[in-house]
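*Asks:* Okay, handing you the structure first.
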Amino acid sequence: LDFLLRHSLSLEDFKEKAKRLNVTVDFSGKYVKYRLDDKGQQKFTRDRTLSKKGKYSLEEIKKALSKNEVVYSFDVNDKHTYRMFWKLF
């Protein structure tokens with residue numbers, strides 16, 4: 001989750017990258033809930049269980065994402081660069 005917070009630019013970007021990393025994120029209730037899909041986790045884990053300081057709450061995620069900047073951009077039509085970029089994930 002810390003990786004996602006550092007490398008996402010928006011809430012939608014956060015969700016998309018989480019999906020690519022096999023993490024299901026549920027923003028539908030009072031708490032944000034997370035589940036590791038590739039580890040066979042069946043139940044969601046609430047944000048407050050992961051951080052008593054609220055680091056993974058919706059408000060804190062939005063705050064962290066607002067501070068992030070684009071440091072490397074590329075043309076998604078450039079297949080070589082695109083492949084090299086996603087190998088990082």
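Residues are referred to by chain and number: the chain letter is A, B, ... according to the order shown in the structure tokens, the number counts from 1 in that chain, and ligands are numbered separately from 1 in the order shown.
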I'd like the contact shell of segment 48-60 of chain A - 9 Å cut-off, only C-alpha atoms, skipping same-chain residues fewer than 6 positions apart - returned as a short mmCIF file (atom, residue, chain, number, x, y, z; two decimals) with N, CA and C atoms, in the first residue's frame.

*Replies:*
data_model
loop_
_atom_site.label_atom_id
_atom_site.label_comp_id
_atom_site.auth_asym_id
_atom_site.auth_seq_id
_atom_site.Cartn_x
_atom_site.Cartn_y
_atom_site.Cartn_z
N LEU A 1 0.82 -1.19 0.00
CA LEU A 1 0.00 0.00 0.00
C LEU A 1 0.87 1.26 0.00
N ASP A 2 1.99 1.19 0.69
CA ASP A 2 2.88 2.34 0.69
C ASP A 2 3.41 2.62 -0.72
N LEU A 5 0.70 4.39 -2.59
CA LEU A 5 0.58 5.78 -2.16
C LEU A 5 1.67 6.65 -2.77
N PHE A 27 -13.98 1.09 -1.38
CA PHE A 27 -14.23 2.39 -0.78
C PHE A 27 -15.71 2.60 -0.46
N TYR A 31 -15.29 2.52 6.23
CA TYR A 31 -13.85 2.29 6.22
C TYR A 31 -13.42 1.79 4.84
N VAL A 32 -12.17 2.11 4.46
CA VAL A 32 -11.60 1.53 3.25
C VAL A 32 -11.18 0.12 3.62
N LYS A 33 -11.48 -0.84 2.73
CA LYS A 33 -11.15 -2.23 3.00
C LYS A 33 -10.23 -2.75 1.90
#

*Asks:* Excluding Ser8 of chain A and its own-chain neighbours fewer than 5 positions away, which residues fall within 7 Å of it when counting only C-alpha atoms? Please give them as a PyMOL selection string.

*Replies:* chain A and resi 13-14+65

*Asks:* Of the candidates A:Lys62, A:Glu12, A:Phe44, A:Phe3, which shows the shortest atom-to-atom distance to Gly29 of chain A, using only C-alpha atoms?

*Replies:*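 Answer, going by the shortest atom-to-atom distance: A:Phe44.
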
*Asks:* Can you list, as a PyMOL selection string, every protein, DNA or RNA residue that comes within 12 Å of Arg35 of chain A when you count only C-alpha atoms, leaving out same-chain residues fewer than 5 positions away?

*Replies:* chain A and resi 1+18-19+21-26+40-47+50

*Asks:* Can I get the selection written as a CSV table (one decimal), in the first residue's frame, with N, CA and C atoms?

*Replies:*
chain,number,residue,atom,x,y,z
A,1,LEU,N,0.8,-1.2,0.0
A,1,LEU,CA,0.0,0.0,0.0
A,1,LEU,C,0.9,1.3,0.0
A,18,ALA,N,-3.6,-0.8,-7.9
A,18,ALA,CA,-3.9,-1.9,-6.9
A,18,ALA,C,-4.5,-3.1,-7.6
A,19,LYS,N,-5.3,-2.9,-8.5
A,19,LYS,CA,-5.9,-4.0,-9.3
A,19,LYS,C,-4.8,-4.8,-10.0
A,21,LEU,N,-1.8,-5.1,-9.1
A,21,LEU,CA,-1.0,-5.7,-8.1
A,21,LEU,C,-1.8,-6.8,-7.3
A,22,ASN,N,-3.0,-7.1,-7.8
A,22,ASN,CA,-3.9,-8.1,-7.2
A,22,ASN,C,-4.3,-7.7,-5.8
A,23,VAL,N,-4.6,-6.4,-5.6
A,23,VAL,CA,-5.1,-5.9,-4.3
A,23,VAL,C,-6.5,-5.4,-4.6
A,24,THR,N,-7.5,-5.9,-3.9
A,24,THR,CA,-8.9,-5.3,-4.1
A,24,THR,C,-9.0,-4.3,-3.0
A,25,VAL,N,-9.5,-3.1,-3.5
A,25,VAL,CA,-9.7,-2.0,-2.6
A,25,VAL,C,-11.2,-1.6,-2.7
A,26,ASP,N,-11.9,-1.5,-1.5
A,26,ASP,CA,-13.3,-1.2,-1.4
A,26,ASP,C,-13.5,0.1,-0.7
A,40,GLY,N,-4.8,-15.6,-1.5
A,40,GLY,CA,-5.9,-16.4,-1.0
A,40,GLY,C,-6.7,-15.8,0.1
A,41,GLN,N,-6.5,-14.5,0.4
A,41,GLN,CA,-7.1,-13.8,1.5
A,41,GLN,C,-8.6,-13.8,1.2
A,42,GLN,N,-9.5,-14.3,2.1
A,42,GLN,CA,-10.9,-14.3,1.8
A,42,GLN,C,-11.7,-13.1,2.4
A,43,LYS,N,-11.2,-12.6,3.5
A,43,LYS,CA,-11.9,-11.5,4.1
A,43,LYS,C,-11.1,-10.2,3.9
A,44,PHE,N,-11.9,-9.1,3.8
A,44,PHE,CA,-11.2,-7.8,3.7
A,44,PHE,C,-10.6,-7.4,5.1
A,45,THR,N,-9.6,-6.5,5.0
A,45,THR,CA,-9.0,-5.9,6.2
A,45,THR,C,-9.3,-4.5,6.2
A,46,ARG,N,-9.8,-3.9,7.3
A,46,ARG,CA,-10.1,-2.5,7.3
A,46,ARG,C,-8.9,-1.6,7.4
A,47,ASP,N,-9.0,-0.4,6.9
A,47,ASP,CA,-7.8,0.5,7.0
A,47,ASP,C,-7.3,0.7,8.4
A,50,LEU,N,-4.9,-1.8,9.7
A,50,LEU,CA,-3.5,-1.7,9.1
A,50,LEU,C,-2.7,-0.6,9.6
